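S.K.: Just one file: work25.cif, with mmCIF, N, CA and C atoms.
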```
data_entry
#
loop_
_atom_site.label_atom_id
_atom_site.label_comp_id
_atom_site.auth_asym_id
_atom_site.auth_seq_id
_atom_site.Cartn_x
_atom_site.Cartn_y
_atom_site.Cartn_z
N MET A 211 -2.05 12.17 -23.62
CA MET A 211 -1.68 11.27 -22.52
C MET A 211 -1.83 11.99 -21.18
N THR A 212 -2.37 11.31 -20.23
CA THR A 212 -2.60 11.87 -18.91
C THR A 212 -1.30 11.89 -18.11
N GLU A 213 -1.01 13.04 -17.51
CA GLU A 213 0.19 13.16 -16.69
C GLU A 213 -0.15 12.85 -15.23
N LEU A 214 0.67 11.99 -14.63
CA LEU A 214 0.46 11.59 -13.24
C LEU A 214 1.57 12.16 -12.35
N GLN A 215 1.21 12.41 -11.09
CA GLN A 215 2.21 12.86 -10.12
C GLN A 215 2.18 11.92 -8.93
N SER A 216 3.32 11.76 -8.31
CA SER A 216 3.41 10.86 -7.17
C SER A 216 2.77 11.51 -5.94
N ALA A 217 1.84 10.79 -5.33
CA ALA A 217 1.20 11.25 -4.10
C ALA A 217 1.87 10.61 -2.88
N TYR A 218 2.46 9.42 -3.09
CA TYR A 218 3.04 8.68 -1.98
C TYR A 218 4.06 7.67 -2.50
N LYS A 219 5.19 7.58 -1.80
CA LYS A 219 6.19 6.54 -2.05
C LYS A 219 6.55 5.92 -0.70
N PHE A 220 6.29 4.64 -0.55
CA PHE A 220 6.61 3.93 0.68
C PHE A 220 8.10 4.07 1.01
N GLN A 221 8.93 4.03 0.00
CA GLN A 221 10.38 4.10 0.19
C GLN A 221 10.79 5.40 0.91
N ASP A 222 10.03 6.46 0.73
CA ASP A 222 10.33 7.74 1.37
C ASP A 222 9.69 7.90 2.75
N ASP A 223 8.84 6.97 3.14
CA ASP A 223 8.11 7.05 4.40
C ASP A 223 8.91 6.34 5.50
N LYS A 224 9.99 6.99 5.92
CA LYS A 224 10.95 6.37 6.85
C LYS A 224 10.30 5.96 8.18
N GLU A 225 9.39 6.77 8.69
CA GLU A 225 8.74 6.46 9.98
C GLU A 225 7.86 5.21 9.86
N ALA A 226 7.09 5.11 8.77
CA ALA A 226 6.25 3.93 8.55
C ALA A 226 7.12 2.68 8.39
N ILE A 227 8.22 2.80 7.66
CA ILE A 227 9.12 1.66 7.47
C ILE A 227 9.68 1.21 8.81
N LYS A 228 10.12 2.17 9.62
CA LYS A 228 10.70 1.85 10.93
C LYS A 228 9.69 1.11 11.81
N ARG A 229 8.46 1.63 11.90
CA ARG A 229 7.43 0.99 12.72
C ARG A 229 7.11 -0.42 12.23
N LEU A 230 6.98 -0.57 10.92
CA LEU A 230 6.63 -1.87 10.35
C LEU A 230 7.76 -2.88 10.54
N GLN A 231 9.01 -2.43 10.40
CA GLN A 231 10.15 -3.32 10.62
C GLN A 231 10.24 -3.77 12.07
N GLU A 232 10.00 -2.84 13.00
CA GLU A 232 10.08 -3.18 14.43
C GLU A 232 9.08 -4.27 14.79
N VAL A 233 7.83 -4.09 14.38
CA VAL A 233 6.80 -5.06 14.74
C VAL A 233 6.97 -6.37 13.96
N SER A 234 7.44 -6.28 12.72
CA SER A 234 7.61 -7.48 11.90
C SER A 234 8.78 -8.34 12.38
N SER A 235 9.84 -7.70 12.89
CA SER A 235 11.02 -8.46 13.31
C SER A 235 10.97 -8.88 14.78
N ASP A 236 9.97 -8.44 15.53
CA ASP A 236 9.83 -8.79 16.95
C ASP A 236 9.23 -10.19 17.07
N PRO A 237 10.00 -11.17 17.54
CA PRO A 237 9.48 -12.54 17.62
C PRO A 237 8.34 -12.70 18.63
N LYS A 238 8.19 -11.76 19.57
CA LYS A 238 7.12 -11.84 20.57
C LYS A 238 5.81 -11.25 20.05
N SER A 239 5.86 -10.52 18.94
CA SER A 239 4.68 -9.85 18.42
C SER A 239 3.95 -10.73 17.39
N ASN A 240 2.62 -10.73 17.49
CA ASN A 240 1.80 -11.41 16.48
C ASN A 240 1.48 -10.49 15.31
N TYR A 241 1.87 -9.23 15.43
CA TYR A 241 1.53 -8.23 14.42
C TYR A 241 2.66 -8.07 13.42
N GLY A 242 2.39 -7.33 12.36
CA GLY A 242 3.40 -7.08 11.35
C GLY A 242 3.33 -8.07 10.21
N LEU A 243 4.34 -8.00 9.36
CA LEU A 243 4.39 -8.83 8.16
C LEU A 243 5.44 -9.92 8.33
N LYS A 244 5.18 -11.04 7.69
CA LYS A 244 6.08 -12.19 7.75
C LYS A 244 7.39 -11.87 7.02
N VAL A 245 8.50 -12.27 7.62
CA VAL A 245 9.80 -12.17 6.96
C VAL A 245 9.94 -13.42 6.11
N GLU A 246 9.94 -13.21 4.78
CA GLU A 246 10.01 -14.36 3.87
C GLU A 246 11.27 -14.28 3.03
N ASN A 247 11.90 -15.43 2.82
CA ASN A 247 13.13 -15.51 2.03
C ASN A 247 14.18 -14.52 2.54
N GLY A 248 14.18 -14.31 3.86
CA GLY A 248 15.15 -13.40 4.46
C GLY A 248 14.89 -11.93 4.17
N LEU A 249 13.72 -11.60 3.63
CA LEU A 249 13.43 -10.22 3.25
C LEU A 249 12.51 -9.56 4.27
N LEU A 250 13.07 -8.61 5.01
CA LEU A 250 12.30 -7.80 5.95
C LEU A 250 11.76 -6.60 5.19
N VAL A 251 10.47 -6.36 5.29
CA VAL A 251 9.81 -5.27 4.57
C VAL A 251 10.56 -3.95 4.80
N GLY A 252 10.77 -3.21 3.71
CA GLY A 252 11.37 -1.88 3.79
C GLY A 252 12.88 -1.83 3.75
N THR A 253 13.54 -2.99 3.74
CA THR A 253 15.01 -2.98 3.64
C THR A 253 15.43 -2.77 2.19
N LYS A 254 16.70 -2.45 2.00
CA LYS A 254 17.24 -2.26 0.64
C LYS A 254 16.99 -3.53 -0.20
N ASP A 255 17.27 -4.70 0.38
CA ASP A 255 17.06 -5.96 -0.35
C ASP A 255 15.59 -6.18 -0.68
N TRP A 256 14.69 -5.79 0.23
CA TRP A 256 13.26 -5.93 -0.03
C TRP A 256 12.84 -5.06 -1.21
N PHE A 257 13.29 -3.80 -1.23
CA PHE A 257 12.96 -2.92 -2.35
C PHE A 257 13.56 -3.44 -3.66
N LEU A 258 14.78 -3.98 -3.61
CA LEU A 258 15.38 -4.58 -4.82
C LEU A 258 14.53 -5.75 -5.31
N ALA A 259 14.00 -6.54 -4.37
CA ALA A 259 13.16 -7.68 -4.74
C ALA A 259 11.86 -7.24 -5.41
N THR A 260 11.36 -6.04 -5.05
CA THR A 260 10.14 -5.54 -5.71
C THR A 260 10.45 -5.08 -7.13
N GLU A 261 11.70 -4.73 -7.39
CA GLU A 261 12.08 -4.28 -8.73
C GLU A 261 12.50 -5.45 -9.63
N ASP A 262 13.16 -6.46 -9.06
CA ASP A 262 13.66 -7.54 -9.91
C ASP A 262 12.69 -8.71 -10.05
N GLY A 263 11.51 -8.62 -9.40
CA GLY A 263 10.48 -9.62 -9.60
C GLY A 263 10.43 -10.72 -8.55
N ARG A 264 11.38 -10.77 -7.63
CA ARG A 264 11.30 -11.78 -6.57
C ARG A 264 10.05 -11.56 -5.72
N LEU A 265 9.68 -10.30 -5.52
CA LEU A 265 8.39 -9.93 -4.94
C LEU A 265 7.61 -9.28 -6.07
N PRO A 266 6.69 -10.00 -6.68
CA PRO A 266 6.00 -9.47 -7.86
C PRO A 266 5.20 -8.20 -7.56
N LYS A 267 5.52 -7.16 -8.30
CA LYS A 267 4.82 -5.88 -8.16
C LYS A 267 3.61 -5.88 -9.09
N GLU A 268 2.48 -5.44 -8.54
CA GLU A 268 1.26 -5.31 -9.32
C GLU A 268 0.89 -3.83 -9.39
N THR A 269 0.16 -3.46 -10.45
CA THR A 269 -0.31 -2.08 -10.59
C THR A 269 -1.80 -2.10 -10.84
N LEU A 270 -2.53 -1.33 -10.04
CA LEU A 270 -3.96 -1.15 -10.20
C LEU A 270 -4.18 0.24 -10.79
N THR A 271 -4.96 0.31 -11.86
CA THR A 271 -5.25 1.58 -12.52
C THR A 271 -6.76 1.76 -12.57
N GLY A 272 -7.21 2.95 -12.23
CA GLY A 272 -8.64 3.23 -12.26
C GLY A 272 -8.92 4.69 -11.99
N ARG A 273 -10.16 4.96 -11.60
CA ARG A 273 -10.59 6.33 -11.28
C ARG A 273 -11.08 6.38 -9.84
N ILE A 274 -10.76 7.47 -9.17
CA ILE A 274 -11.24 7.67 -7.80
C ILE A 274 -12.73 7.97 -7.86
N THR A 275 -13.52 7.20 -7.13
CA THR A 275 -14.98 7.39 -7.14
C THR A 275 -15.51 7.99 -5.83
N LYS A 276 -14.71 7.91 -4.77
CA LYS A 276 -15.17 8.42 -3.47
C LYS A 276 -13.94 8.68 -2.60
N VAL A 277 -13.97 9.80 -1.84
CA VAL A 277 -12.93 10.14 -0.88
C VAL A 277 -13.64 10.42 0.44
N TYR A 278 -13.24 9.73 1.52
CA TYR A 278 -14.00 9.84 2.77
C TYR A 278 -13.18 9.38 3.97
N MET A 279 -13.75 9.59 5.15
CA MET A 279 -13.19 9.09 6.41
C MET A 279 -14.04 7.90 6.85
N SER A 280 -13.41 6.80 7.20
CA SER A 280 -14.14 5.62 7.65
C SER A 280 -13.86 5.38 9.14
N GLY A 281 -14.23 4.20 9.61
CA GLY A 281 -14.04 3.88 11.02
C GLY A 281 -14.88 4.80 11.89
N HIS A 282 -14.24 5.42 12.84
CA HIS A 282 -14.91 6.40 13.71
C HIS A 282 -14.62 7.80 13.17
N ASN A 283 -14.74 7.91 11.85
CA ASN A 283 -14.44 9.17 11.15
C ASN A 283 -12.98 9.57 11.37
N ASP A 284 -12.09 8.54 11.44
CA ASP A 284 -10.68 8.81 11.73
C ASP A 284 -9.71 8.06 10.82
N TRP A 285 -10.22 7.44 9.75
CA TRP A 285 -9.34 6.69 8.86
C TRP A 285 -9.57 7.16 7.42
N PRO A 286 -8.55 7.79 6.80
CA PRO A 286 -8.72 8.35 5.45
C PRO A 286 -8.69 7.27 4.37
N GLU A 287 -9.77 7.14 3.64
CA GLU A 287 -9.86 6.13 2.58
C GLU A 287 -10.38 6.73 1.28
N PHE A 288 -10.26 5.94 0.22
CA PHE A 288 -10.83 6.30 -1.07
C PHE A 288 -11.20 5.03 -1.81
N ASP A 289 -12.14 5.15 -2.73
CA ASP A 289 -12.57 4.03 -3.55
C ASP A 289 -12.08 4.25 -4.97
N ILE A 290 -11.74 3.14 -5.63
CA ILE A 290 -11.30 3.14 -7.02
C ILE A 290 -12.21 2.22 -7.83
N GLU A 291 -12.63 2.70 -8.97
CA GLU A 291 -13.31 1.84 -9.95
C GLU A 291 -12.28 1.51 -11.02
N SER A 292 -12.03 0.21 -11.19
CA SER A 292 -11.06 -0.25 -12.18
C SER A 292 -11.67 -1.42 -12.95
N LYS A 293 -10.93 -1.95 -13.90
CA LYS A 293 -11.45 -3.11 -14.64
C LYS A 293 -11.64 -4.32 -13.73
N GLU A 294 -10.94 -4.34 -12.58
CA GLU A 294 -11.10 -5.42 -11.60
C GLU A 294 -12.33 -5.22 -10.72
N GLY A 295 -12.94 -4.02 -10.79
CA GLY A 295 -14.11 -3.73 -9.97
C GLY A 295 -13.83 -2.59 -9.00
N LEU A 296 -14.67 -2.47 -7.99
CA LEU A 296 -14.53 -1.42 -6.98
C LEU A 296 -13.64 -1.93 -5.85
N SER A 297 -12.69 -1.09 -5.41
CA SER A 297 -11.85 -1.45 -4.26
C SER A 297 -11.61 -0.22 -3.40
N THR A 298 -11.28 -0.48 -2.14
CA THR A 298 -11.07 0.58 -1.16
C THR A 298 -9.62 0.55 -0.69
N TRP A 299 -9.03 1.75 -0.57
CA TRP A 299 -7.63 1.90 -0.18
C TRP A 299 -7.49 3.02 0.84
N THR A 300 -6.41 2.97 1.61
CA THR A 300 -6.08 4.04 2.54
C THR A 300 -5.39 5.18 1.80
N ARG A 301 -5.81 6.41 2.07
CA ARG A 301 -5.12 7.56 1.50
C ARG A 301 -3.76 7.70 2.19
N GLU A 302 -2.72 7.75 1.39
CA GLU A 302 -1.35 7.90 1.88
C GLU A 302 -0.75 9.13 1.21
N GLY A 303 0.14 9.82 1.91
CA GLY A 303 0.87 10.92 1.29
C GLY A 303 0.06 12.20 1.20
N ASN A 304 0.18 12.87 0.04
CA ASN A 304 -0.43 14.18 -0.17
C ASN A 304 -1.95 14.05 -0.31
N ASP A 305 -2.64 14.33 0.77
CA ASP A 305 -4.10 14.14 0.84
C ASP A 305 -4.87 15.00 -0.16
N SER A 306 -4.35 16.18 -0.48
CA SER A 306 -5.08 17.10 -1.36
C SER A 306 -5.17 16.60 -2.80
N LEU A 307 -4.35 15.62 -3.17
CA LEU A 307 -4.37 15.10 -4.55
C LEU A 307 -5.52 14.12 -4.80
N TYR A 308 -6.09 13.57 -3.74
CA TYR A 308 -7.16 12.58 -3.87
C TYR A 308 -8.48 13.28 -4.16
N GLN A 309 -8.88 13.27 -5.44
CA GLN A 309 -10.10 13.95 -5.86
C GLN A 309 -10.93 13.01 -6.74
N VAL A 310 -12.23 13.00 -6.50
CA VAL A 310 -13.15 12.16 -7.27
C VAL A 310 -12.99 12.47 -8.76
N GLY A 311 -12.92 11.42 -9.55
CA GLY A 311 -12.80 11.53 -11.00
C GLY A 311 -11.38 11.44 -11.53
N LYS A 312 -10.39 11.60 -10.66
CA LYS A 312 -8.99 11.58 -11.09
C LYS A 312 -8.55 10.15 -11.40
N LEU A 313 -7.71 10.03 -12.41
CA LEU A 313 -7.06 8.77 -12.74
C LEU A 313 -6.03 8.48 -11.65
N ILE A 314 -5.90 7.21 -11.26
CA ILE A 314 -4.96 6.84 -10.21
C ILE A 314 -4.30 5.51 -10.56
N GLU A 315 -3.03 5.38 -10.19
CA GLU A 315 -2.29 4.12 -10.32
C GLU A 315 -1.67 3.81 -8.96
N ILE A 316 -1.81 2.56 -8.56
CA ILE A 316 -1.23 2.11 -7.29
C ILE A 316 -0.34 0.90 -7.57
N ASP A 317 0.95 1.01 -7.23
CA ASP A 317 1.87 -0.12 -7.29
C ASP A 317 1.89 -0.76 -5.91
N PHE A 318 1.79 -2.09 -5.86
CA PHE A 318 1.79 -2.79 -4.58
C PHE A 318 2.35 -4.20 -4.74
N VAL A 319 2.70 -4.80 -3.61
CA VAL A 319 3.09 -6.21 -3.57
C VAL A 319 2.22 -6.89 -2.52
N ILE A 320 1.97 -8.17 -2.72
CA ILE A 320 1.21 -8.96 -1.76
C ILE A 320 2.19 -9.46 -0.70
N GLN A 321 1.88 -9.19 0.57
CA GLN A 321 2.71 -9.62 1.69
C GLN A 321 1.86 -10.42 2.66
N LYS A 322 2.44 -11.44 3.27
CA LYS A 322 1.74 -12.25 4.26
C LYS A 322 1.86 -11.59 5.63
N PHE A 323 0.76 -11.62 6.39
CA PHE A 323 0.81 -11.21 7.78
C PHE A 323 1.56 -12.30 8.57
N LYS A 324 2.13 -11.91 9.72
CA LYS A 324 2.77 -12.90 10.59
C LYS A 324 1.75 -13.94 11.04
N ARG A 325 0.54 -13.49 11.29
CA ARG A 325 -0.55 -14.43 11.59
C ARG A 325 -1.79 -13.92 10.86
N PRO A 326 -2.58 -14.82 10.26
CA PRO A 326 -3.78 -14.39 9.53
C PRO A 326 -4.78 -13.68 10.45
N TRP A 327 -5.47 -12.71 9.91
CA TRP A 327 -6.49 -11.96 10.64
C TRP A 327 -7.86 -12.38 10.14
N ASP A 328 -8.79 -12.63 11.08
CA ASP A 328 -10.14 -13.05 10.70
C ASP A 328 -10.76 -12.06 9.71
N MET A 329 -10.66 -10.77 10.00
CA MET A 329 -11.30 -9.77 9.15
C MET A 329 -10.49 -9.47 7.88
N LEU A 330 -9.17 -9.62 7.94
CA LEU A 330 -8.32 -9.21 6.83
C LEU A 330 -7.80 -10.36 5.98
N GLY A 331 -7.78 -11.55 6.54
CA GLY A 331 -7.24 -12.69 5.82
C GLY A 331 -5.74 -12.84 6.05
N PRO A 332 -5.09 -13.69 5.25
CA PRO A 332 -3.67 -13.99 5.48
C PRO A 332 -2.69 -13.00 4.85
N THR A 333 -3.18 -12.15 3.93
CA THR A 333 -2.26 -11.27 3.21
C THR A 333 -2.77 -9.83 3.18
N THR A 334 -1.87 -8.93 2.80
CA THR A 334 -2.21 -7.53 2.61
C THR A 334 -1.53 -7.03 1.34
N LYS A 335 -2.09 -5.98 0.77
CA LYS A 335 -1.48 -5.34 -0.39
C LYS A 335 -0.64 -4.18 0.12
N LYS A 336 0.67 -4.35 0.16
CA LYS A 336 1.57 -3.32 0.68
C LYS A 336 1.85 -2.32 -0.45
N VAL A 337 1.36 -1.12 -0.27
CA VAL A 337 1.49 -0.08 -1.29
C VAL A 337 2.94 0.38 -1.40
N LEU A 338 3.44 0.42 -2.63
CA LEU A 338 4.78 0.92 -2.91
C LEU A 338 4.73 2.40 -3.36
N GLU A 339 3.78 2.68 -4.24
CA GLU A 339 3.65 4.05 -4.74
C GLU A 339 2.23 4.29 -5.22
N ILE A 340 1.78 5.54 -5.03
CA ILE A 340 0.48 5.98 -5.53
C ILE A 340 0.73 7.18 -6.42
N ARG A 341 0.21 7.10 -7.66
CA ARG A 341 0.31 8.22 -8.61
C ARG A 341 -1.09 8.66 -9.00
N ILE A 342 -1.30 9.99 -9.03
CA ILE A 342 -2.63 10.54 -9.30
C ILE A 342 -2.52 11.58 -10.40
N GLU A 343 -3.54 11.61 -11.24
CA GLU A 343 -3.63 12.56 -12.34
C GLU A 343 -3.44 14.01 -11.85
N LYS A 344 -2.65 14.77 -12.61
CA LYS A 344 -2.43 16.20 -12.25
C LYS A 344 -3.68 17.00 -12.55
#
```
In structure tokens, write the structure found in this file.
M.R.:
Amino acid sequence: MTELQSAYKFQDDKEAIKRLQEVSSDPKSNYGLKVENGLLVGTKDWFLATEDGRLPKETLTGRITKVYMSGHNDWPEFDIESKEGLSTWTREGNDSLYQVGKLIEIDFVIQKFKRPWDMLGPTTKKVLEIRIEK
């Protein structure tokens, strides 16, 4: 059996949670995530909802096929080949763990943006945890 180690946990990323909550709860901002069913992303109740199924958690499992910088060579990303096909994700957490060929699991929930984005659509996959083969 392959042993995995945690590369990133959203719950431990206090600065990211703070920024996302500020923009999501600001009624003047078009940015951030929609507050649904009274659940503001990153709160204790929101995390409980990801565990009890009110916010369905999904897990993507596959192999890392590419690790690179995108945009203006300033955005850390990686590609995964899984049974669902090829997908691209942002590298979060311990960057040195992202290596081509490694098994990876990503837990995420689907969250709605406050307003849909032409390029991104109405939803995003909010990463909860990333685990990578040791």
S.K.: Go ahead and compute the interatomic distance for atom N of Val310 in chain A and atom C of Lys224 in chain A, in Å to one decimal.
M.R.: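 For atom N of Val310 in chain A relative to atom C of Lys224 in chain A, the distance reads 27.8 Å.
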S.K.: If we count all atoms listed in the file, what is near Tyr278 in chain A at a cut-off of 6 Å, once residues fewer than 4 positions away on the same chain are taken out, given as an MDAnalysis selection string?
M.R.: chainID A and resid 285:288
S.K.: Okay, now the selection with N, CA and C atoms, as a CSV table (one decimal), in the coordinates of the input?
M.R.:
```
chain,number,residue,atom,x,y,z
A,285,TRP,N,-10.2,7.4,9.8
A,285,TRP,CA,-9.3,6.7,8.9
A,285,TRP,C,-9.6,7.2,7.4
A,286,PRO,N,-8.6,7.8,6.8
A,286,PRO,CA,-8.7,8.4,5.4
A,286,PRO,C,-8.7,7.3,4.4
A,287,GLU,N,-9.8,7.1,3.6
A,287,GLU,CA,-9.9,6.1,2.6
A,287,GLU,C,-10.4,6.7,1.3
A,288,PHE,N,-10.3,5.9,0.2
A,288,PHE,CA,-10.8,6.3,-1.1
A,288,PHE,C,-11.2,5.0,-1.8
```
S.K.: Taking (1.1, 6.6, 0.3) in the coordinates of the supplied file, I want to know which residues reach to within 6.5 Å of it, counting all atoms listed in the file; could you give the answer as JSON, numbers by chain?
M.R.: {"A": [217, 218, 219, 220, 301, 302, 303, 304, 339, 340]}
S.K.: For N, CA and C atoms, I'd like the residues from the last selection saved as an mmCIF file, in the coordinates of the input.
M.R.:
```
data_model
loop_
_atom_site.group_PDB
_atom_site.id
_atom_site.type_symbol
_atom_site.label_atom_id
_atom_site.label_comp_id
_atom_site.auth_asym_id
_atom_site.auth_seq_id
_atom_site.Cartn_x
_atom_site.Cartn_y
_atom_site.Cartn_z
ATOM 1 N N ALA A 217 1.840 10.790 -5.330
ATOM 2 C CA ALA A 217 1.200 11.250 -4.100
ATOM 3 C C ALA A 217 1.870 10.610 -2.880
ATOM 4 N N TYR A 218 2.460 9.420 -3.090
ATOM 5 C CA TYR A 218 3.040 8.680 -1.980
ATOM 6 C C TYR A 218 4.060 7.670 -2.500
ATOM 7 N N LYS A 219 5.190 7.580 -1.800
ATOM 8 C CA LYS A 219 6.190 6.540 -2.050
ATOM 9 C C LYS A 219 6.550 5.920 -0.700
ATOM 10 N N PHE A 220 6.290 4.640 -0.550
ATOM 11 C CA PHE A 220 6.610 3.930 0.680
ATOM 12 C C PHE A 220 8.100 4.070 1.010
ATOM 13 N N ARG A 301 -5.810 6.410 2.070
ATOM 14 C CA ARG A 301 -5.120 7.560 1.500
ATOM 15 C C ARG A 301 -3.760 7.700 2.190
ATOM 16 N N GLU A 302 -2.720 7.750 1.390
ATOM 17 C CA GLU A 302 -1.350 7.900 1.880
ATOM 18 C C GLU A 302 -0.750 9.130 1.210
ATOM 19 N N GLY A 303 0.140 9.820 1.910
ATOM 20 C CA GLY A 303 0.870 10.920 1.290
ATOM 21 C C GLY A 303 0.060 12.200 1.200
ATOM 22 N N ASN A 304 0.180 12.870 0.040
ATOM 23 C CA ASN A 304 -0.430 14.180 -0.170
ATOM 24 C C ASN A 304 -1.950 14.050 -0.310
ATOM 25 N N GLU A 339 3.780 2.680 -4.240
ATOM 26 C CA GLU A 339 3.650 4.050 -4.740
ATOM 27 C C GLU A 339 2.230 4.290 -5.220
ATOM 28 N N ILE A 340 1.780 5.540 -5.030
ATOM 29 C CA ILE A 340 0.480 5.980 -5.530
ATOM 30 C C ILE A 340 0.730 7.180 -6.420
#
```
S.K.: For a quick check of understanding, using all atoms listed in the file, which of A:Leu265, A:Ala259, A:Leu250, A:Leu214 has the smallest distance to Gln231 in chain A?
M.R.: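 Smallest distance to Gln231 in chain A is found for A:Leu250.
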S.K.: Rank nothing, just name the residue among A:Gly295, A:Pro266, A:Gly331, A:Gly281 nearest to Phe318 in chain A, using all atoms listed in the file.
M.R.: A:Pro266
S.K.: Kindly indicate which residue among A:Glu268, A:Asp284, A:Glu213, A:Glu232 lies nearest to Ile320 in chain A, using all atoms listed in the file for the distances.
M.R.: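 Selected residue with least distance to Ile320 in chain A: A:Glu268.
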S.K.: Compile the contact shell of Pro326 in chain A as a list in words: residues with an atom at most 10 Å away, counting only C-alpha atoms, same-chain residues fewer than 4 positions apart removed.
M.R.: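 Close residues of Pro326 in chain A: Asn240, Tyr241, Leu243, Lys322, Leu330, Gly331, Pro332, Thr333 and Thr334 of chain A.
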S.K.: List, as a list in words, every residue that the PyMOL selection byres ((chain A and resi 316) around 7) selects in the file provided.
M.R.: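 Applying the expression gives Glu268, Thr269, Leu270, Thr271, Gly272, Ile314, Glu315, Asp317, Phe318, Val337, Leu338, Glu339, Ile340 and Arg341 of chain A.
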S.K.: What is the distance between CA of Thr298 in chain A and atom N of Ser216 in chain A, in Å to one decimal?
M.R.: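 Interatomic distance, CA of Thr298 in chain A to atom N of Ser216 in chain A: 19.6 Å.
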S.K.: For Thr260 in chain A, which of A:Arg325, A:Ile274, A:Leu307, A:Lys336 is the closest residue, counting only C-alpha atoms?
M.R.: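 Of A:Arg325, A:Ile274, A:Leu307, A:Lys336, the one nearest Thr260 in chain A, counting only C-alpha atoms, is A:Lys336.
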S.K.: Between atom N of Gln221 in chain A and atom N of Glu246 in chain A, what distance in Å does the model show, to one decimal?
M.R.: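 Computed distance, atom N of Gln221 in chain A to atom N of Glu246 in chain A, equals 17.9 Å.
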